[in-house]
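*Asks:* You'll find final.pdb just under this line, and it carries PDB, C-alpha atoms.
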```
ATOM      1  CA  LYS A  26       0.000   0.000   0.000  1.00  0.00           C
ATOM      2  CA  GLN A  27       1.224   3.461  -0.808  1.00  0.00           C
ATOM      3  CA  TRP A  28       0.047   6.319   1.447  1.00  0.00           C
ATOM      4  CA  TYR A  29       0.070   9.713  -0.161  1.00  0.00           C
ATOM      5  CA  GLN A  30       0.175  12.934   1.847  1.00  0.00           C
ATOM      6  CA  ARG A  31      -3.312  13.869   0.640  1.00  0.00           C
ATOM      7  CA  ARG A  32      -4.547  10.760   2.484  1.00  0.00           C
ATOM      8  CA  VAL A  33      -5.360   8.703  -0.594  1.00  0.00           C
ATOM      9  CA  ALA A  34      -4.674   5.020  -0.043  1.00  0.00           C
ATOM     10  CA  ILE A  35      -4.412   2.636  -2.979  1.00  0.00           C
ATOM     11  CA  THR A  36      -3.015  -0.794  -3.533  1.00  0.00           C
ATOM     12  CA  ALA A  37      -0.809  -0.851  -6.623  1.00  0.00           C
ATOM     13  CA  GLY A  38       0.848  -4.199  -7.148  1.00  0.00           C
ATOM     14  CA  GLY A  39       4.093  -4.003  -9.032  1.00  0.00           C
ATOM     15  CA  PRO A  40       5.819  -0.629  -8.642  1.00  0.00           C
ATOM     16  CA  LYS A  41       9.239  -0.597  -6.989  1.00  0.00           C
ATOM     17  CA  VAL A  42       9.442   3.068  -6.078  1.00  0.00           C
ATOM     18  CA  CYS A  43      12.844   4.384  -4.983  1.00  0.00           C
ATOM     19  CA  GLY A  44      12.921   7.971  -3.759  1.00  0.00           C
ATOM     20  CA  GLU A  45      10.814  10.617  -5.483  1.00  0.00           C
ATOM     21  CA  GLY A  46       9.103   8.238  -7.890  1.00  0.00           C
ATOM     22  CA  ILE A  47       5.456   8.875  -7.027  1.00  0.00           C
ATOM     23  CA  ASP A  48       3.095  11.783  -7.666  1.00  0.00           C
ATOM     24  CA  LYS A  49      -0.646  12.447  -7.896  1.00  0.00           C
ATOM     25  CA  SER A  50      -2.683  14.672 -10.197  1.00  0.00           C
ATOM     26  CA  GLY A  51      -6.477  14.592 -10.006  1.00  0.00           C
ATOM     27  CA  ASN A  52      -7.560  10.949 -10.031  1.00  0.00           C
ATOM     28  CA  TYR A  53      -4.239   9.688 -11.367  1.00  0.00           C
ATOM     29  CA  LEU A  54      -1.035   8.520  -9.779  1.00  0.00           C
ATOM     30  CA  VAL A  55       2.286   8.171 -11.598  1.00  0.00           C
ATOM     31  CA  THR A  56       4.917   5.727 -10.374  1.00  0.00           C
ATOM     32  CA  ALA A  57       8.549   5.744 -11.501  1.00  0.00           C
ATOM     33  CA  SER A  58      10.096   2.377 -10.617  1.00  0.00           C
ATOM     34  CA  TRP A  59      13.592   0.974 -10.570  1.00  0.00           C
ATOM     35  CA  PHE A  60      13.009  -1.508 -13.414  1.00  0.00           C
ATOM     36  CA  VAL A  61      14.982  -2.079 -16.621  1.00  0.00           C
ATOM     37  CA  LYS A  62      11.818  -1.470 -18.711  1.00  0.00           C
ATOM     38  CA  ASP A  63       8.154  -0.537 -18.226  1.00  0.00           C
ATOM     39  CA  ALA A  64       9.235   1.602 -15.253  1.00  0.00           C
ATOM     40  CA  LEU A  65       6.901   4.585 -15.735  1.00  0.00           C
ATOM     41  CA  GLN A  66       3.256   3.773 -15.033  1.00  0.00           C
ATOM     42  CA  LEU A  67      -0.004   5.692 -14.782  1.00  0.00           C
ATOM     43  CA  TRP A  68      -2.642   4.476 -12.290  1.00  0.00           C
ATOM     44  CA  ASP A  69      -6.315   5.363 -11.741  1.00  0.00           C
ATOM     45  CA  THR A  70      -6.826   5.982  -7.996  1.00  0.00           C
ATOM     46  CA  ARG A  71     -10.592   5.357  -8.231  1.00  0.00           C
ATOM     47  CA  SER A  72     -10.365   1.859  -9.706  1.00  0.00           C
ATOM     48  CA  GLN A  73      -6.855   1.163  -8.324  1.00  0.00           C
ATOM     49  CA  LYS A  74      -5.945  -0.204 -11.765  1.00  0.00           C
ATOM     50  CA  LEU A  75      -3.024   0.378 -14.083  1.00  0.00           C
ATOM     51  CA  VAL A  76      -4.089   2.733 -16.885  1.00  0.00           C
ATOM     52  CA  SER A  77      -0.933   2.510 -18.979  1.00  0.00           C
ATOM     53  CA  THR A  78       2.783   1.880 -19.018  1.00  0.00           C
ATOM     54  CA  LEU A  79       4.435   4.990 -20.410  1.00  0.00           C
ATOM     55  CA  ASN A  80       7.325   5.015 -22.853  1.00  0.00           C
ATOM     56  CA  CYS A  81      10.178   7.078 -21.414  1.00  0.00           C
ATOM     57  CA  ARG A  82      12.892   5.907 -23.811  1.00  0.00           C
ATOM     58  CA  THR A  83      14.260   7.837 -26.757  1.00  0.00           C
ATOM     59  CA  VAL A  84      16.863   5.153 -27.521  1.00  0.00           C
ATOM     60  CA  GLU A  85      17.199   1.516 -26.534  1.00  0.00           C
ATOM     61  CA  ASP A  86      18.519   2.184 -23.064  1.00  0.00           C
ATOM     62  CA  SER A  87      17.459   0.838 -19.695  1.00  0.00           C
ATOM     63  CA  GLU A  88      15.098   2.903 -17.554  1.00  0.00           C
ATOM     64  CA  PHE A  89      15.806   2.377 -13.809  1.00  0.00           C
ATOM     65  CA  LEU A  90      13.881   5.454 -12.666  1.00  0.00           C
ATOM     66  CA  TYR A  91      14.425   7.250  -9.358  1.00  0.00           C
ATOM     67  CA  CYS A  92      12.052  10.158  -9.865  1.00  0.00           C
ATOM     68  CA  GLY A  93       8.841  11.032 -11.647  1.00  0.00           C
ATOM     69  CA  GLN A  94       6.371  13.888 -11.267  1.00  0.00           C
ATOM     70  CA  PHE A  95       3.426  15.336 -13.126  1.00  0.00           C
ATOM     71  CA  TYR A  96       4.443  18.456 -15.071  1.00  0.00           C
ATOM     72  CA  THR A  97       0.882  19.116 -16.228  1.00  0.00           C
ATOM     73  CA  HIS A  98      -2.224  16.930 -15.976  1.00  0.00           C
ATOM     74  CA  ASP A  99      -1.149  15.032 -19.115  1.00  0.00           C
ATOM     75  CA  LYS A 100       2.655  15.246 -19.011  1.00  0.00           C
ATOM     76  CA  VAL A 101       5.180  13.608 -16.668  1.00  0.00           C
ATOM     77  CA  ILE A 102       8.882  14.325 -16.056  1.00  0.00           C
ATOM     78  CA  CYS A 103      11.113  11.381 -15.154  1.00  0.00           C
ATOM     79  CA  GLY A 104      14.746  10.372 -14.767  1.00  0.00           C
ATOM     80  CA  GLY A 105      17.018   7.856 -13.064  1.00  0.00           C
ATOM     81  CA  SER A 106      20.129   5.769 -13.603  1.00  0.00           C
ATOM     82  CA  GLY A 107      19.189   4.338 -17.014  1.00  0.00           C
ATOM     83  CA  VAL A 108      17.267   7.398 -18.192  1.00  0.00           C
ATOM     84  CA  THR A 109      19.762   9.999 -16.908  1.00  0.00           C
ATOM     85  CA  ASN A 110      18.309  13.021 -18.701  1.00  0.00           C
ATOM     86  CA  ALA A 111      15.063  14.678 -17.666  1.00  0.00           C
ATOM     87  CA  LYS A 112      12.434  13.278 -20.047  1.00  0.00           C
ATOM     88  CA  LEU A 113       9.030  14.900 -20.565  1.00  0.00           C
ATOM     89  CA  VAL A 114       6.501  12.200 -21.440  1.00  0.00           C
ATOM     90  CA  ASP A 115       3.062  12.895 -22.913  1.00  0.00           C
ATOM     91  CA  THR A 116       0.648  10.489 -21.196  1.00  0.00           C
ATOM     92  CA  VAL A 117      -1.923  10.737 -24.020  1.00  0.00           C
ATOM     93  CA  GLU A 118       0.481  10.174 -26.949  1.00  0.00           C
ATOM     94  CA  ASN A 119       2.642   7.842 -24.809  1.00  0.00           C
ATOM     95  CA  LYS A 120       5.948   9.215 -26.046  1.00  0.00           C
ATOM     96  CA  VAL A 121       8.825  11.458 -25.018  1.00  0.00           C
ATOM     97  CA  VAL A 122       8.049  14.956 -26.283  1.00  0.00           C
ATOM     98  CA  ASP A 123      11.009  16.853 -24.803  1.00  0.00           C
ATOM     99  CA  GLU A 124      14.295  16.112 -23.070  1.00  0.00           C
ATOM    100  CA  VAL A 125      16.799  18.127 -21.073  1.00  0.00           C
ATOM    101  CA  MET A 126      20.414  16.972 -21.009  1.00  0.00           C
ATOM    102  CA  THR A 127      21.434  16.912 -17.346  1.00  0.00           C
ATOM    103  CA  ASN A 128      25.015  15.626 -17.769  1.00  0.00           C
ATOM    104  CA  LEU A 129      24.443  13.488 -14.681  1.00  0.00           C
ATOM    105  CA  LYS A 130      25.516   9.877 -14.300  1.00  0.00           C
ATOM    106  CA  VAL A 131      22.362   9.283 -12.242  1.00  0.00           C
ATOM    107  CA  MET A 132      19.374  11.619 -11.912  1.00  0.00           C
ATOM    108  CA  GLN A 133      18.170  11.090  -8.335  1.00  0.00           C
ATOM    109  CA  SER A 134      16.147  14.188  -7.567  1.00  0.00           C
ATOM    110  CA  LEU A 135      13.602  16.343  -9.335  1.00  0.00           C
ATOM    111  CA  CYS A 136      11.900  19.502  -8.134  1.00  0.00           C
ATOM    112  CA  LEU A 137       9.324  21.624  -9.922  1.00  0.00           C
ATOM    113  CA  SER A 138       8.555  25.260  -9.198  1.00  0.00           C
ATOM    114  CA  ARG A 139       5.128  25.987  -7.700  1.00  0.00           C
ATOM    115  CA  GLU A 140       3.927  27.271 -11.085  1.00  0.00           C
ATOM    116  CA  ARG A 141       5.439  24.183 -12.771  1.00  0.00           C
ATOM    117  CA  LYS A 142       7.432  26.397 -15.134  1.00  0.00           C
ATOM    118  CA  MET A 143      10.936  25.397 -14.016  1.00  0.00           C
ATOM    119  CA  CYS A 144      12.454  22.015 -13.263  1.00  0.00           C
ATOM    120  CA  VAL A 145      15.608  21.433 -11.203  1.00  0.00           C
ATOM    121  CA  THR A 146      17.368  18.052 -11.347  1.00  0.00           C
ATOM    122  CA  ALA A 147      20.278  16.725  -9.322  1.00  0.00           C
ATOM    123  CA  GLY A 148      22.002  13.436  -8.675  1.00  0.00           C
ATOM    124  CA  LEU A 149      25.353  11.746  -9.019  1.00  0.00           C
ATOM    125  CA  GLY A 150      27.446  14.612 -10.305  1.00  0.00           C
ATOM    126  CA  ASP A 151      28.794  17.928  -9.135  1.00  0.00           C
ATOM    127  CA  HIS A 152      25.946  20.181 -10.246  1.00  0.00           C
ATOM    128  CA  ALA A 153      22.206  20.729 -10.524  1.00  0.00           C
ATOM    129  CA  THR A 154      20.413  21.506 -13.789  1.00  0.00           C
ATOM    130  CA  CYS A 155      17.667  24.134 -14.090  1.00  0.00           C
ATOM    131  CA  ALA A 156      15.444  23.856 -17.134  1.00  0.00           C
ATOM    132  CA  THR A 157      12.101  24.689 -18.675  1.00  0.00           C
ATOM    133  CA  PHE A 158      10.176  22.471 -21.052  1.00  0.00           C
ATOM    134  CA  SER A 159       8.281  23.544 -24.164  1.00  0.00           C
TER     135      SER A 159
END
```
Output the structure of this file as structure tokens.
*Replies:*
Amino acid sequence: KQWYQRRVAITAGGPKVCGEGIDKSGNYLVTASWFVKDALQLWDTRSQKLVSTLNCRTVEDSEFLYCGQFYTHDKVICGGSGVTNAKLVDTVENKVVDEVMTNLKVMQSLCLSRERKMCVTAGLGDHATCATFS
């Protein structure tokens, strides 16, 4: 069971969330798991069912996600140790629509501004990256 700070309790069998790999928007929950593939998933909190597995790859790399957050109601930002750049994934089209090169070996942390206009990433490296998505 995953308890969210807004006191929504769901049972989601399967995700292996490490760190900041869970977020909620409306009736949906996104999980970013530490799996080689199919790591980014969208869940319906009402039915407690998996809605879709999202494609966060732009090349044939592994995923191993540490973080994932909603950017808008239909877009998610994710990153990790396989996907080391910040990827913006459209949940409707199920594809990466933008990417920010972080120059990190591992992207472990992701923070969005209150207005969701700026994204800051950090991880295994000697810097943080500030970026905006189109």
*Asks:* Can you measure CA of Gly46 in chain A to CA of Cys103 in chain A for me? One decimal in Å is fine.
*Replies:*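 CA of Gly46 in chain A sits 8.2 Å away from CA of Cys103 in chain A.
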*Asks:* Could you make a table, as CSV, of the residues of range 42-73 of chain A that have an atom within 12 Å of an atom of range 128-147 of chain A, each with its nearest atom pair and distance in Å to one decimal, counting only C-alpha atoms, in chain and number order?
*Replies:*
```
residue,atom,partner,partner_atom,distance
A:Cys43,CA,A:Gln133,CA,9.2
A:Gly44,CA,A:Gln133,CA,7.6
A:Glu45,CA,A:Ser134,CA,6.7
A:Gly46,CA,A:Ser134,CA,9.2
A:Ile47,CA,A:Leu135,CA,11.3
A:Asp48,CA,A:Leu135,CA,11.6
A:Ala57,CA,A:Gln133,CA,11.5
A:Trp59,CA,A:Gln133,CA,11.3
```
*Asks:* Decode the PyMOL selection byres ((chain A and resi 121) around 12) for the given file into explicit residues and return them as a list in words.
*Replies:*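 Residues picked by the PyMOL selection byres ((chain A and resi 121) around 12): Leu65, Leu79, Asn80, Cys81, Arg82, Thr83, Val84, Lys100, Val101, Ile102, Cys103, Gly104, Val108, Asn110, Ala111, Lys112, Leu113, Val114, Asp115, Thr116, Val117, Glu118, Asn119, Lys120, Val122, Asp123, Glu124, Val125 and Phe158 of chain A.
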*Asks:* Step by step, work through what the PyMOL selection byres ((chain A and resi 78) around 8) selects in the shown file, and finish by giving those residues as number ranges by chain.
*Replies:* A: 63-67, 75-77, 79-80
*Asks:* I'd like the interatomic distance between CA of Thr154 in chain A and CA of Gly105 in chain A, to a tenth of an Å.
*Replies:*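 That distance, rounded to one decimal, is 14.1 Å.
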*Asks:* Select, from A:Gly93, A:Cys155, A:Gln73, A:Asp99, the residue with the minimum atom-to-atom distance to Val42 in chain A, counting only C-alpha atoms.
*Replies:*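 Of the candidates, the smallest distance to Val42 in chain A is held by A:Gly93.
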*Asks:* Find the spatial neighbours of Asp86 in chain A, counting only C-alpha atoms, within a cut-off of 9 Å - ignore same-chain residues fewer than 5 positions away - and output them as a PyMOL selection string.
*Replies:* chain A and resi 61-62+107-108
*Asks:* Report as a PDB file with C-alpha atoms, keeping the file's coordinate frame the residues that result from applying the PyMOL selection byres ((chain A and resi 49) around 10) to the structure here.
*Replies:*
```pdb
ATOM      1  CA  TYR A  29       0.070   9.713  -0.161  1.00  0.00           C
ATOM      2  CA  GLN A  30       0.175  12.934   1.847  1.00  0.00           C
ATOM      3  CA  ARG A  31      -3.312  13.869   0.640  1.00  0.00           C
ATOM      4  CA  VAL A  33      -5.360   8.703  -0.594  1.00  0.00           C
ATOM      5  CA  ILE A  47       5.456   8.875  -7.027  1.00  0.00           C
ATOM      6  CA  ASP A  48       3.095  11.783  -7.666  1.00  0.00           C
ATOM      7  CA  SER A  50      -2.683  14.672 -10.197  1.00  0.00           C
ATOM      8  CA  GLY A  51      -6.477  14.592 -10.006  1.00  0.00           C
ATOM      9  CA  ASN A  52      -7.560  10.949 -10.031  1.00  0.00           C
ATOM     10  CA  TYR A  53      -4.239   9.688 -11.367  1.00  0.00           C
ATOM     11  CA  LEU A  54      -1.035   8.520  -9.779  1.00  0.00           C
ATOM     12  CA  VAL A  55       2.286   8.171 -11.598  1.00  0.00           C
ATOM     13  CA  THR A  56       4.917   5.727 -10.374  1.00  0.00           C
ATOM     14  CA  LEU A  67      -0.004   5.692 -14.782  1.00  0.00           C
ATOM     15  CA  TRP A  68      -2.642   4.476 -12.290  1.00  0.00           C
ATOM     16  CA  ASP A  69      -6.315   5.363 -11.741  1.00  0.00           C
ATOM     17  CA  THR A  70      -6.826   5.982  -7.996  1.00  0.00           C
ATOM     18  CA  GLN A  94       6.371  13.888 -11.267  1.00  0.00           C
ATOM     19  CA  PHE A  95       3.426  15.336 -13.126  1.00  0.00           C
ATOM     20  CA  HIS A  98      -2.224  16.930 -15.976  1.00  0.00           C
TER      21      HIS A  98
END
```
*Asks:* Give me, please, the distance in Å between CA of Leu149 in chain A and CA of Glu85 in chain A, quoted to one decimal.
*Replies:*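 Going from CA of Leu149 in chain A over to CA of Glu85 in chain A covers 21.9 Å.
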*Asks:* Restricting the calculation to all atoms listed in the file, which member of A:Thr157, A:Ser106, A:Thr127, A:Thr97 is positioned closest to Ser58 in chain A?
*Replies:*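 Closest to Ser58 in chain A of all the choices is A:Ser106.
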